[in-house]
Amino acid sequence: AAGVAAVVFPGGSLMRHAAPESTTIVVQNAAEVRANNQVTQFVLVAPDAKSVALVGDFNDWNLSATQLARQAGEGVWWVTLPLPPGRYRYAFVVNGSAWRNDPNAPAAQDEFGRPGSVVTIRGV
């Protein structure tokens with residue numbers, strides 16, 4: 001069974017997956033991220049997935065904007081993003097078409113009835 005979690009980490013460095021087919025991770029200094037943003041980590045357990053995208057209010061629901069990196073051997077996919085305080089709807093899209101919500105976050109379907117979730121980012 002697949003599980004999902006979203007965790008907020010204030011400060012620290014930001015790691016971002018460079019491209020869906022790449023395993024390169026780009027590390028940026030947290031000072032490059034605006035002071036009021038929170039580094040937020042999104043995680044999906046999907047052992048059989050070939051690709052996982054994160055879509056939401058923060059990236060205009062763009063399937064190619066935020067790809068998750070796969071942790072070797074575990075079936076765990078993750079990405080971190082700098083997000084300003086606010087409430088965001090989001091979903092994971094597995095293999096380009098299967099929308100999944102986060103069972104560890106409040107549910108929030110989009111206007112088309114697709115599964116999704118909500119995360120609230122608090123200020124520091």
# chains A, B, ... in the order shown; residues from 1 in each chain; ligands from 1
$ select_by_dssp --residues "range 45-113 of chain A" --states "strand (DSSP E or B)" --output "PyMOL selection string"
chain A and resi 45+52-56+67+69-71+76-83+86-94+98-100+107
$ atom_distance --atom1 "CA of Asp110 in chain A" --atom2 "CA of Tyr90 in chain A"
8.8 Å
$ residues_around --residues "Val79 in chain A" --least-positions-apart "6" --cutoff "6 Å" --atoms "only C-alpha atoms" --output "list in words"
Gln41, Phe42 and Leu68 of chain A
$ closest_residue --among "A:Ala108, A:Val93, A:Val119, A:Val76" --to "Asp48 in chain A" --atoms "only C-alpha atoms"
A:Val76
$ atom_distance --atom1 "CA of Arg87 in chain A" --atom2 "CA of Glu74 in chain A"
29.9 Å
$ residues_around --residues "Phe58 in chain A" --least-positions-apart "4" --cutoff "9 Å" --atoms "only C-alpha atoms" --output "ChimeraX atom specification"
/A:83,88-90
$ atom_distance --atom1 "CA of Pro85 in chain A" --atom2 "CA of Val118 in chain A"
13.0 Å
$ residues_around --residues "Ala91 in chain A" --least-positions-apart "2" --cutoff "7 Å" --atoms "only C-alpha atoms" --output "list in words"
Leu54, Val55, Gly56, Val93, Trp99, Arg100, Asn101, Pro115, Gly116 and Ser117 of chain A
$ closest_residue --among "A:Thr66, A:Val43, A:Asn104, A:Val52" --to "Trp78 in chain A" --atoms "only C-alpha atoms"
A:Val43
$ select_by_dssp --residues "range 31-70 of chain A" --states "helix (DSSP H, G or I)" --output "list in words"
Ala31, Glu32, Asp57, Phe58 and Asn59 of chain A
$ closest_residue --among "A:Gly113, A:Gly96, A:Gly73, A:Gly123" --to "Gln38 in chain A" --atoms "only C-alpha atoms"
A:Gly123
